[in-house]
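Heads up: the structure comes next, in structure tokens.
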Amino acid sequence: MVNLTINGKQIEVTEGTTVLNAARQNGIKIPTLCDHPHLTPYGGCRLCMVEIKGMRVPMAACTMPASNGMIVETDTPALKKSRNVVLSLLFSERNHFCPFCQVSGGDCELQNTAYDEEMTHWPMQPQWTNFPVDTSHPYFILDNNRCILCRRCIRACAEMSGNFTLGVEERGAATIVVADTNVPLGQSTCVSCGSCVQVCPTGALIDRQSAYLGHEKNLTVTRSICRGCSLGCGILVHTRDNHIVKITGDYENENAGTLCKTGRFLALNEQRTRLTTPLKRVAGQLTATSWDDALATLAEKFSASKDKVAAVASTRLSVEALSTFKSLFADGLQAKQVTSVEEGRPTALQSMVADQLGEAIEGKLDTLRTADCVLLVGVDLTTTHEVAGFYIKRNLPKGTRLIIIDPNENGMDGLANINLKPRAGTDVAVFSAIEAVIVKEGLARGAVDENIVSLKSALAVCELNVQDVTDAARMLAEAVAPIIVYGKGLTASGNPGAMEALVRLANVIGASDSERKGLLSVKGESNSLAAALLGLVDQLEVKDEAVYVAVGDDFVSKRLASKLEKVPYLVVQASYESALTERADIVLPVNIWAEESGYVLNAEGRLQFASAAVTAPEGIRSNVDVLKDVARKLGVTVNDDWRAALTKRTSVVELEM
Amino acid sequence: MTKPKISTDWMAGCSGCHMSLLDIDERLLEIAELTDIRATPITDLKEPDESGVDVGILEGGINNSSNEEVAHRMRSRCKILVAFGDCAVFGGVPALRNMCGTEEALKRAYVEAESNDDQGFIPSDPELAVMSDVRALHEVVPVDLHVPGCPPDPDVIYYVLKELAEGRMPEIKDEKLHWH
């Protein structure tokens with residue numbers, strides 16, 4: 001611990017704490033603009049200057065580590081004057097005229113700081129230079145005229161999303177924030193994660209979706225969970241008058257404020273048409289009807305053809321809804337087929353291996369933070385589960401190595417130290433080849449399988465170059481904390497041998513041992529893991545069944561739509577119109593994600609509660625309620641104990657619930 | 001004690017600050033009681049007394065030679081000069097044109113405006129004031145008090161007038177400090 005004095009107050013902080021954070025922790029406010037609690041200190045704005053006894057000049061509190069016996073003053077007349085000058089310089093540098101700025105009136109940190117410093121005006125006038133405004137991006141605008149060059153956006157781009165798109169060009173007063181080599185943002189390498197917009201202290205980065213829809217003080221904030229994929233990032237849903245104005249990353253959750261475009265922007269860019277009333281096919285036409293009639297009609301049909309019922313649920317539904325669905329159709333109705341839209345492709349294989357071993361084989365997402373070598377197998381983290389990709393990308397400049405095994409083009413190919421592009425479907429051979437090299441060179445850490453295939457024969461199958469495989473094997477073997485991240489490219493093959501070979505490789509390279517579990521799969525949609533634990537993993541094969549599809553607010557894949565094209569009777573529980581609702585016999589309108597609360601079990605087995613942020617239009621019911629209504633009509637009792645249902649089989653990853 | 005004399009004027013502004021001043025409603029009577037309101041744009045007397053006033057209040061920025069004259073006249077005839085509203089304090093909305101230059105702005109307004117026929121021209125009558133960049137009041141004459149806001153809140157205006165009327169210097173801070 002370190003003891004110091006700030007403004008006469010005795011303070012104790014842990015070693016390495018900056019003077020700024022020491023002050024913050026003790027309720028002493030030091031103004032700052034470039035510093036952000038979740039970004040590396042930068043020391044650029046010079047607003048947090050403090051006087052430290054014995055130092056010749058004032059020091060920047062944000063970069064100064066607290067040390068024993070330090071005597072700090074934060075509010076002397078000289079410092080106040082210096083802050084005033086710094087703010088005057090900032091204001092006069094560009095167009096910081098508040099009356100025509102979106103964030104003015106509460107949301108601008110520059111303006112708020114000036115108010116705190118009791119500035120009624122700034123004594124220096126602007127130089128009236130026009131700086132570029134970049135409006136090429138679909139989700140936000142970069143107005144360099146409002147920029148104070150704090151570089152928070154640049155640090156967020158690098159440290160949060162690991163994307164390194166933003167940087168600066170020119171020098172001194174002419175400095176501007178640019179994307180890549182000064183290309184329009186919309187054509188740059190930007191991945192639209194929006195972290196830059198979230199951290200911008202002024203109106204330089206403007207979110208198109210929420211601009212002018214209200215200041216923070218007008219908005220209600222609901223802490224919730226993103227339903228975009230199985231990572232389950234924490235989000236804050238900002239609403240006003242029952243409308244979602246914007247979504248920002250929750251700093252308190254594991255994702256520490258980071259989101260991807262799916263979580264931040266796409267959720268508010270909904271183009272589909274909402275279903276507002278139950279529909280029933282009458283004389284070939286879908287016609288609006290009452291809930292009672294819709295439920296009675298489908299119940300009649302399902303009761304009549306009990307042995308010919310199939311049911312499919314989206315893995316975006318809440319745990320409660322999935323469990324109710326399972327209880328209704330599998331346990332209650334004993335339907336012929338009960339599965340999910342994913343059909344277990346992202347989860348079934350590893351679940352099977354975990355079942356066989358009787359224990360969890362996967363680790364937690366936070367192992368990515370400390371991994372010094374990442375082996376990425378069959379998943380493109382630039383198109384799905386992007387935040388997991390960010391966790392990897394942000395560590396690459398620190399020396400973390402990346403090896404990719406993917407027969408297809410992968411968005412992260414350009415970042416990889418080694419790229420292995422084997423023949424599709426030869427995963428076993430690839431893993432065996434790497435293992436063979438490690439064993440041959442005596443680099444193995446875990447138990448070695450004596451019956452290992454020869455390197456030569458393995459290479460012949462996967463058609464990889466011996467040098468690349470040897471390099472990859474050495475890189476993995478030399479790593480202190482290697483980790484293997486895999487996805488649907490591997491698991492959808494349905495080949496248990498591939499999964500077993502991967503688990504063996506994880507042991508050999510020391511990614512997984514008794515202490516550490518450095519194996520993780522990103523899985524599929526929001527509740528992919530829960531669906532796997534409930535056993536909703538079977539391949540959907542339907543012919544003449546009456547089918548119940550609980551889509552929720554999920555998108556309907558072409559694969560699913562074509563499978564259900566010819567079924568004789570189709571009931572669709574959905575929020576939006578789709579190819580499925582078009583051909584359905586009964587349509588039941590349900591809430592979207594933001595309208596219902598429910599649990600989600602993320603890819604690493606962390607159970608989180610996603611709170612509803614808005615209320616649904618009248619006449620629309622929650623997914624759980626509709627399933628229960630159906631059960632009631634069918635005379636089936638559903639089991640509400642979803643926690644017990646989740647723990648019936650071995651989980652691939654340790655559950656935290 | 002004699003009542004302090006107050007005079008106001010407007011320059012390159014929209015007169016909104018004076019509207020906000022009228023928005024102090026019945027409190028105007030109290031101010032009228034406490035002070036001697038002299039020349040203002042909304043009363044009959046148009047120029048501050050040559051003998052001088054105690055408080056001069058100016059709305060708007062300075063965007064031509066005429067505004068400059070108004071600013072200098074007020075400064076030379078008042079003891080305390082108040083920059084009233086964002087335009088006087090910073091240049092405000094009119095100062096946006098500084099971003100493109102006065103020439104460009106005049107061209108856009110008089111020649112290129114959609115409502116013009118193709119005969120549009122920039123007025124150049126020697127009787128007209130000479131245009132310049134838009135400046136804040138303090139760039140032209142020394143200012144004693146800045147009251148920002150677009151427009152300043154009536155409550156803030158009342159507070160400022162009351163303090164000045166009773167011989168105190170207003171302190172614009174906390175909830176009274178808003179730039180728009």
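Going by the structure tokens order, chains are called A, B, ..., each with residues numbered from 1, while ligands are numbered from 1 in the order shown.
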
Checklist entry - Where does DSSP see strand (DSSP E) in range 153-241 of chain A, if you list the residues as a PyMOL selection string? => result chain A and resi 166-169+176-179+205-207+220-225+234-240

For the residues in the current selection, export C-alpha atoms as a compact mmCIF listing (two decimals), in the first residue's frame.
# COMPACT_ATOMS: atom_id res chain seq x y z
CA LEU A 166 -8.29 5.34 -35.85
CA GLY A 167 -5.17 7.41 -35.65
CA VAL A 168 -4.06 10.99 -36.20
CA GLU A 169 -2.62 12.78 -39.16
CA ILE A 176 -6.95 15.50 -37.18
CA VAL A 177 -8.35 12.10 -36.31
CA VAL A 178 -8.38 9.86 -39.37
CA ALA A 179 -9.27 6.30 -40.26
CA LEU A 205 -18.20 11.48 -32.76
CA ILE A 206 -21.94 11.57 -33.25
CA ASP A 207 -24.08 8.47 -33.12
CA THR A 220 -33.83 5.83 -18.66
CA VAL A 221 -31.00 3.33 -18.47
CA THR A 222 -31.68 -0.40 -18.11
CA ARG A 223 -28.79 -2.75 -17.44
CA SER A 224 -29.21 -5.80 -19.64
CA ILE A 225 -27.47 -8.44 -21.74
CA GLY A 234 -23.36 -6.48 -20.80
CA ILE A 235 -25.30 -3.62 -22.32
CA LEU A 236 -27.02 -0.49 -21.10
CA VAL A 237 -30.26 0.13 -22.93
CA HIS A 238 -31.09 3.83 -23.01
CA THR A 239 -34.78 4.46 -23.51
CA ARG A 240 -37.14 7.39 -23.73

Considering only C-alpha atoms, give me a table of residues in chain B that are at most 12 Å from chain A, with the closest atom pair and distance in Å for each, as a Markdown table.
| residue | atom | partner | partner_atom | distance |
| --- | --- | --- | --- | --- |
| B:Val82 | CA | A:Thr120 | CA | 11.8 |
| B:Ala83 | CA | A:His121 | CA | 9.8 |
| B:Phe84 | CA | A:Thr120 | CA | 11.1 |
| B:Gly85 | CA | A:Thr120 | CA | 10.4 |
| B:Asp86 | CA | A:Pro99 | CA | 8.2 |
| B:Cys87 | CA | A:Pro99 | CA | 10.1 |
| B:Ala88 | CA | A:His121 | CA | 10.0 |
| B:Val89 | CA | A:His121 | CA | 6.2 |
| B:Phe90 | CA | A:His121 | CA | 7.0 |
| B:Gly91 | CA | A:Phe97 | CA | 8.7 |
| B:Gly92 | CA | A:Phe97 | CA | 7.0 |
| B:Val93 | CA | A:Pro99 | CA | 7.4 |
| B:Pro94 | CA | A:Phe97 | CA | 10.9 |
| B:Ala95 | CA | A:Phe97 | CA | 9.0 |
| B:Leu96 | CA | A:Phe97 | CA | 8.6 |
| B:Arg97 | CA | A:Trp128 | CA | 9.3 |
| B:Asn98 | CA | A:Trp128 | CA | 6.1 |
| B:Met99 | CA | A:Trp128 | CA | 5.2 |
| B:Cys100 | CA | A:Asn130 | CA | 7.8 |
| B:Gly101 | CA | A:Trp128 | CA | 8.9 |
| B:Thr102 | CA | A:Trp128 | CA | 11.9 |
| B:Asp133 | CA | A:Trp128 | CA | 10.1 |
| B:Val134 | CA | A:Gln125 | CA | 10.6 |
| B:Arg135 | CA | A:Gln125 | CA | 8.2 |
| B:Ala136 | CA | A:Gln125 | CA | 8.0 |
| B:Leu137 | CA | A:Pro123 | CA | 10.7 |
| B:His138 | CA | A:Pro123 | CA | 7.8 |
| B:Glu139 | CA | A:Gln125 | CA | 8.1 |
| B:Val140 | CA | A:Gln125 | CA | 11.8 |
| B:Pro142 | CA | A:Pro123 | CA | 10.8 |
| B:Val143 | CA | A:Pro123 | CA | 10.6 |
| B:Asp144 | CA | A:Thr120 | CA | 11.4 |
| B:Leu145 | CA | A:Thr120 | CA | 8.6 |
| B:His146 | CA | A:Thr120 | CA | 5.9 |
| B:Val147 | CA | A:Thr120 | CA | 6.8 |
| B:Pro148 | CA | A:Thr120 | CA | 6.3 |
| B:Gly149 | CA | A:Pro99 | CA | 8.5 |
| B:Cys150 | CA | A:Pro99 | CA | 6.8 |
| B:Pro151 | CA | A:Pro99 | CA | 9.6 |
| B:Pro152 | CA | A:Thr120 | CA | 11.7 |
| B:Pro170 | CA | A:Thr120 | CA | 11.7 |
| B:Glu171 | CA | A:Glu118 | CA | 9.2 |
| B:Ile172 | CA | A:Thr120 | CA | 6.9 |
| B:Lys173 | CA | A:Glu118 | CA | 5.4 |
| B:Asp174 | CA | A:Tyr115 | CA | 6.9 |
| B:Glu175 | CA | A:Tyr115 | CA | 9.1 |
| B:Lys176 | CA | A:Tyr115 | CA | 9.7 |
| B:Leu177 | CA | A:Tyr115 | CA | 6.6 |
| B:His178 | CA | A:Tyr115 | CA | 7.7 |
| B:Trp179 | CA | A:Cys98 | CA | 6.8 |
| B:His180 | CA | A:Pro99 | CA | 5.5 |

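With only C-alpha atoms as the atoms that count, the minimum distance from Ile157 in chain B to the choices B:His72, B:His18, B:Arg77, B:Lys46 is reached by B:His18.
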
Next on the checklist: Which residues are close to range 521-534 of chain A, i.e. within 8 Å by only C-alpha atoms, leaving aside same-chain residues fewer than 3 positions away? Reply as an NGL selection string.
Outcome noted: :A and (227-232 or 315-319 or 322-323 or 326 or 340 or 342 or 344 or 346-348 or 351 or 362 or 385 or 388 or 485-488 or 537 or 600-603 or 605 or 645-651)

Output file for the selection above: N, CA and C atoms, as a CSV table (one decimal), in the first residue's frame:
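In the end it all went to result_39.csv:
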chain,number,residue,atom,x,y,z
A,227,ARG,N,-28.2,-9.9,-26.8
A,227,ARG,CA,-28.7,-11.2,-27.3
A,227,ARG,C,-28.2,-11.5,-28.7
A,228,GLY,N,-27.2,-10.7,-29.1
A,228,GLY,CA,-26.6,-10.9,-30.4
A,228,GLY,C,-25.9,-12.2,-30.7
A,229,CYS,N,-25.2,-12.7,-29.6
A,229,CYS,CA,-24.5,-14.0,-29.8
A,229,CYS,C,-24.3,-14.6,-28.4
A,230,SER,N,-23.6,-15.7,-28.3
A,230,SER,CA,-23.5,-16.5,-27.1
A,230,SER,C,-22.5,-15.9,-26.1
A,231,LEU,N,-21.8,-14.8,-26.5
A,231,LEU,CA,-20.9,-14.2,-25.5
A,231,LEU,C,-21.6,-13.5,-24.4
A,232,GLY,N,-22.8,-13.0,-24.6
A,232,GLY,CA,-23.6,-12.3,-23.6
A,232,GLY,C,-23.0,-11.1,-23.0
A,315,THR,N,-32.4,-20.4,-30.5
A,315,THR,CA,-31.6,-20.4,-29.3
A,315,THR,C,-31.4,-19.0,-28.8
A,316,ARG,N,-32.1,-18.0,-29.4
A,316,ARG,CA,-32.1,-16.7,-28.9
A,316,ARG,C,-33.1,-16.5,-27.8
A,317,LEU,N,-34.0,-17.5,-27.6
A,317,LEU,CA,-35.0,-17.4,-26.6
A,317,LEU,C,-34.3,-17.5,-25.2
A,318,SER,N,-35.0,-17.0,-24.2
A,318,SER,CA,-34.5,-17.0,-22.8
A,318,SER,C,-34.4,-18.5,-22.4
A,319,VAL,N,-33.6,-18.7,-21.3
A,319,VAL,CA,-33.5,-20.0,-20.7
A,319,VAL,C,-34.9,-20.5,-20.3
A,322,LEU,N,-36.8,-21.6,-23.4
A,322,LEU,CA,-36.3,-22.8,-23.9
A,322,LEU,C,-36.7,-24.0,-23.1
A,323,SER,N,-36.6,-23.8,-21.8
A,323,SER,CA,-37.0,-24.9,-20.9
A,323,SER,C,-38.5,-25.2,-20.9
A,326,LYS,N,-39.1,-27.1,-24.1
A,326,LYS,CA,-38.6,-28.5,-24.0
A,326,LYS,C,-39.6,-29.3,-23.2
A,340,SER,N,-33.5,-27.4,-31.7
A,340,SER,CA,-33.4,-25.9,-31.9
A,340,SER,C,-33.1,-25.6,-33.3
A,342,GLU,N,-30.5,-24.3,-34.4
A,342,GLU,CA,-29.1,-24.6,-34.6
A,342,GLU,C,-28.8,-26.0,-34.8
A,344,GLY,N,-27.9,-28.1,-32.9
A,344,GLY,CA,-26.7,-28.6,-32.2
A,344,GLY,C,-25.4,-28.4,-33.0
A,346,PRO,N,-23.3,-25.8,-33.4
A,346,PRO,CA,-22.2,-25.2,-32.7
A,346,PRO,C,-21.9,-25.8,-31.3
A,347,THR,N,-22.7,-26.8,-30.9
A,347,THR,CA,-22.5,-27.3,-29.5
A,347,THR,C,-22.5,-28.8,-29.3
A,348,ALA,N,-23.1,-29.6,-30.2
A,348,ALA,CA,-23.4,-31.0,-29.9
A,348,ALA,C,-22.1,-31.8,-29.7
A,351,SER,N,-20.3,-31.2,-26.5
A,351,SER,CA,-21.1,-31.6,-25.4
A,351,SER,C,-21.0,-33.1,-25.2
A,362,GLU,N,-14.1,-27.2,-21.2
A,362,GLU,CA,-13.8,-25.9,-21.7
A,362,GLU,C,-13.6,-24.9,-20.6
A,385,HIS,N,-19.5,-13.5,-33.2
A,385,HIS,CA,-18.8,-13.5,-31.9
A,385,HIS,C,-17.6,-12.5,-31.9
A,388,ALA,N,-15.2,-11.6,-28.9
A,388,ALA,CA,-14.1,-12.6,-28.6
A,388,ALA,C,-12.9,-12.3,-29.5
A,485,VAL,N,-9.3,-21.7,-29.4
A,485,VAL,CA,-10.7,-21.2,-29.6
A,485,VAL,C,-11.2,-21.8,-30.9
A,486,TYR,N,-12.4,-22.5,-30.7
A,486,TYR,CA,-12.9,-23.1,-31.9
A,486,TYR,C,-14.4,-22.8,-32.1
A,487,GLY,N,-14.9,-23.1,-33.3
A,487,GLY,CA,-16.3,-22.8,-33.6
A,487,GLY,C,-16.9,-23.8,-34.5
A,488,LYS,N,-18.0,-23.3,-35.2
A,488,LYS,CA,-18.8,-24.2,-35.9
A,488,LYS,C,-18.1,-24.9,-37.1
A,537,VAL,N,-30.6,-30.5,-29.7
A,537,VAL,CA,-29.4,-30.5,-30.5
A,537,VAL,C,-29.6,-31.4,-31.8
A,600,VAL,N,-30.0,-15.6,-19.7
A,600,VAL,CA,-29.2,-16.1,-20.8
A,600,VAL,C,-28.0,-16.8,-20.2
A,601,LEU,N,-27.6,-17.9,-20.8
A,601,LEU,CA,-26.4,-18.7,-20.3
A,601,LEU,C,-25.4,-18.5,-21.4
A,602,ASN,N,-24.3,-17.8,-21.1
A,602,ASN,CA,-23.4,-17.5,-22.2
A,602,ASN,C,-22.5,-18.6,-22.5
A,603,ALA,N,-21.6,-18.4,-23.5
A,603,ALA,CA,-20.8,-19.5,-24.0
A,603,ALA,C,-19.9,-20.1,-22.9
A,605,GLY,N,-20.8,-20.4,-19.8
A,605,GLY,CA,-21.6,-20.9,-18.7
A,605,GLY,C,-22.0,-20.0,-17.6
A,645,ALA,N,-33.5,-28.3,-15.0
A,645,ALA,CA,-33.4,-28.9,-16.3
A,645,ALA,C,-32.0,-28.6,-17.0
A,646,LEU,N,-31.4,-27.5,-16.6
A,646,LEU,CA,-30.1,-27.2,-17.2
A,646,LEU,C,-29.0,-28.1,-16.7
A,647,THR,N,-29.2,-28.6,-15.5
A,647,THR,CA,-28.1,-29.4,-14.8
A,647,THR,C,-28.2,-30.9,-15.0
A,648,LYS,N,-29.1,-31.3,-15.9
A,648,LYS,CA,-29.3,-32.8,-16.0
A,648,LYS,C,-28.2,-33.5,-16.7
A,649,ARG,N,-27.4,-32.8,-17.5
A,649,ARG,CA,-26.3,-33.5,-18.2
A,649,ARG,C,-25.0,-32.7,-17.9
A,650,THR,N,-23.9,-33.3,-18.2
A,650,THR,CA,-22.6,-32.7,-18.0
A,650,THR,C,-22.5,-31.5,-18.9
A,651,SER,N,-22.1,-30.3,-18.3
A,651,SER,CA,-21.9,-29.2,-19.2
A,651,SER,C,-20.5,-29.2,-19.7

Next on the checklist: Set the distance at 8 Å and use only C-alpha atoms: which residues neighbour range 33-50 of chain A once local chain neighbours fewer than 6 positions away are removed? I'd like the list as a VMD selection string.
Outcome noted: chain A and resid 20 58 to 63 72 to 75 79 83 86 to 87 109 to 110 150 to 152 155 to 156 159 199 201 251 256

With C-alpha atoms retained, export the selected residues as an mmCIF file, in the first residue's frame.
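Now in result.cif:
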data_model
loop_
_atom_site.group_PDB
_atom_site.id
_atom_site.type_symbol
_atom_site.label_atom_id
_atom_site.label_comp_id
_atom_site.auth_asym_id
_atom_site.auth_seq_id
_atom_site.Cartn_x
_atom_site.Cartn_y
_atom_site.Cartn_z
ATOM 1 C CA LEU A 20 -5.900 10.826 -10.336
ATOM 2 C CA PRO A 58 2.737 20.825 -11.831
ATOM 3 C CA MET A 59 2.356 17.179 -12.860
ATOM 4 C CA ALA A 60 -0.379 15.343 -14.766
ATOM 5 C CA ALA A 61 -2.298 13.367 -12.126
ATOM 6 C CA CYS A 62 -3.532 10.812 -14.661
ATOM 7 C CA THR A 63 -0.087 9.457 -15.465
ATOM 8 C CA VAL A 72 -0.582 16.723 -3.457
ATOM 9 C CA GLU A 73 -2.643 19.878 -3.911
ATOM 10 C CA THR A 74 -5.340 19.906 -6.585
ATOM 11 C CA ASP A 75 -7.077 23.233 -6.198
ATOM 12 C CA LEU A 79 -3.763 25.404 -10.846
ATOM 13 C CA ARG A 83 -6.938 24.963 -16.054
ATOM 14 C CA VAL A 86 -5.996 25.047 -20.932
ATOM 15 C CA LEU A 87 -9.759 25.159 -21.399
ATOM 16 C CA GLU A 109 -17.523 16.746 -20.892
ATOM 17 C CA LEU A 110 -15.736 19.802 -22.279
ATOM 18 C CA CYS A 150 -7.840 13.667 -26.457
ATOM 19 C CA ARG A 151 -7.288 10.421 -28.399
ATOM 20 C CA ARG A 152 -9.803 8.499 -26.351
ATOM 21 C CA ARG A 155 -7.205 4.292 -27.602
ATOM 22 C CA ALA A 156 -10.673 2.698 -27.537
ATOM 23 C CA GLU A 159 -7.557 -1.214 -26.557
ATOM 24 C CA VAL A 199 -15.869 7.305 -25.070
ATOM 25 C CA PRO A 201 -16.028 13.473 -24.445
ATOM 26 C CA TYR A 251 -18.397 -1.284 -18.063
ATOM 27 C CA ALA A 256 -15.964 -3.916 -19.751
#

Item to check | Counting only C-alpha atoms, the option among A:Ser92, A:Phe302, A:Leu655, A:Gly162 closest to Lys364 in chain A | outcome: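 Closest residue, counting only C-alpha atoms: A:Leu655.
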
Checklist entry - If you run DSSP on the backbone, which residues of range 386-594 of chain A are helix (DSSP H, G or I), as a count of residues only? => result 84

Next on the checklist: Excluding Thr470 in chain A and its own-chain neighbours fewer than 6 positions away, which residues fall within 10 Å of it when counting only C-alpha atoms? Please give them as a list in words.
Outcome noted: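 The residues that qualify are Ala433, Ile434, Glu435, Ala436, Val437, Ile438, Glu441, Leu455 and Leu476 of chain A.
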
Could the residues in this selection be written to a file with N, CA and C atoms, as an mmCIF file, in the first residue's frame?
data_model
loop_
_atom_site.group_PDB
_atom_site.id
_atom_site.type_symbol
_atom_site.label_atom_id
_atom_site.label_comp_id
_atom_site.auth_asym_id
_atom_site.auth_seq_id
_atom_site.Cartn_x
_atom_site.Cartn_y
_atom_site.Cartn_z
ATOM 1 N N ALA A 433 -1.220 -33.978 -37.069
ATOM 2 C CA ALA A 433 0.061 -33.550 -37.630
ATOM 3 C C ALA A 433 0.792 -32.646 -36.646
ATOM 4 N N ILE A 434 0.064 -31.689 -36.071
ATOM 5 C CA ILE A 434 0.691 -30.779 -35.082
ATOM 6 C C ILE A 434 1.174 -31.581 -33.882
ATOM 7 N N GLU A 435 0.325 -32.491 -33.436
ATOM 8 C CA GLU A 435 0.670 -33.315 -32.280
ATOM 9 C C GLU A 435 1.915 -34.154 -32.578
ATOM 10 N N ALA A 436 1.964 -34.689 -33.792
ATOM 11 C CA ALA A 436 3.104 -35.537 -34.166
ATOM 12 C C ALA A 436 4.418 -34.764 -34.091
ATOM 13 N N VAL A 437 4.387 -33.509 -34.566
ATOM 14 C CA VAL A 437 5.597 -32.684 -34.514
ATOM 15 C C VAL A 437 6.010 -32.440 -33.060
ATOM 16 N N ILE A 438 5.027 -32.092 -32.251
ATOM 17 C CA ILE A 438 5.320 -31.784 -30.843
ATOM 18 C C ILE A 438 5.910 -33.009 -30.147
ATOM 19 N N GLU A 441 9.478 -33.814 -31.450
ATOM 20 C CA GLU A 441 10.520 -32.893 -30.977
ATOM 21 C C GLU A 441 10.633 -32.861 -29.459
ATOM 22 N N LEU A 455 3.474 -38.144 -39.053
ATOM 23 C CA LEU A 455 3.339 -36.791 -39.589
ATOM 24 C C LEU A 455 3.077 -36.830 -41.089
ATOM 25 N N LEU A 476 3.046 -23.272 -30.598
ATOM 26 C CA LEU A 476 2.092 -23.707 -29.574
ATOM 27 C C LEU A 476 2.807 -24.322 -28.380
#

Next on the checklist: Between CA of Thr14 in chain A and CA of Val2 in chain A, what distance in Å does the model show, to one decimal?
Outcome noted: 5.9 Å

Checklist entry - Got a sec: who's within 6 Å of range 409-426 of chain A, counting only C-alpha atoms, leaving out chain neighbours fewer than 3 positions off, as a list in words? => result Asp380, Thr382, Leu402, Ile403, Ile404, Ile405, Asp406, Ala429, Cys462, Glu463 and Leu464 of chain A

Checklist entry - Smallest atom-to-atom distance to Ala39 in chain B: which of B:Val53, B:Ala113, B:Met169, B:Leu106, using only C-alpha atoms? => result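 Looking at the shortest contact to Ala39 in chain B, the residue is B:Val53.
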
Item to check | Among listed residues B:Val111, B:Ser124, B:Glu68, B:Glu163, nearest Val141 in chain B (using only C-alpha atoms) | outcome: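 For Val141 in chain B, the nearest of the candidates is B:Glu68.
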
Checklist entry - Could you pull the residues within 8 Å of Cys147 in chain A, counting only C-alpha atoms, minus those fewer than 6 positions along the same chain, as a ChimeraX atom specification? => result /A:94,202-204

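In this model, the gap between CA of Thr491 in chain A and CA of Leu349 in chain A comes to 5.6 Å.
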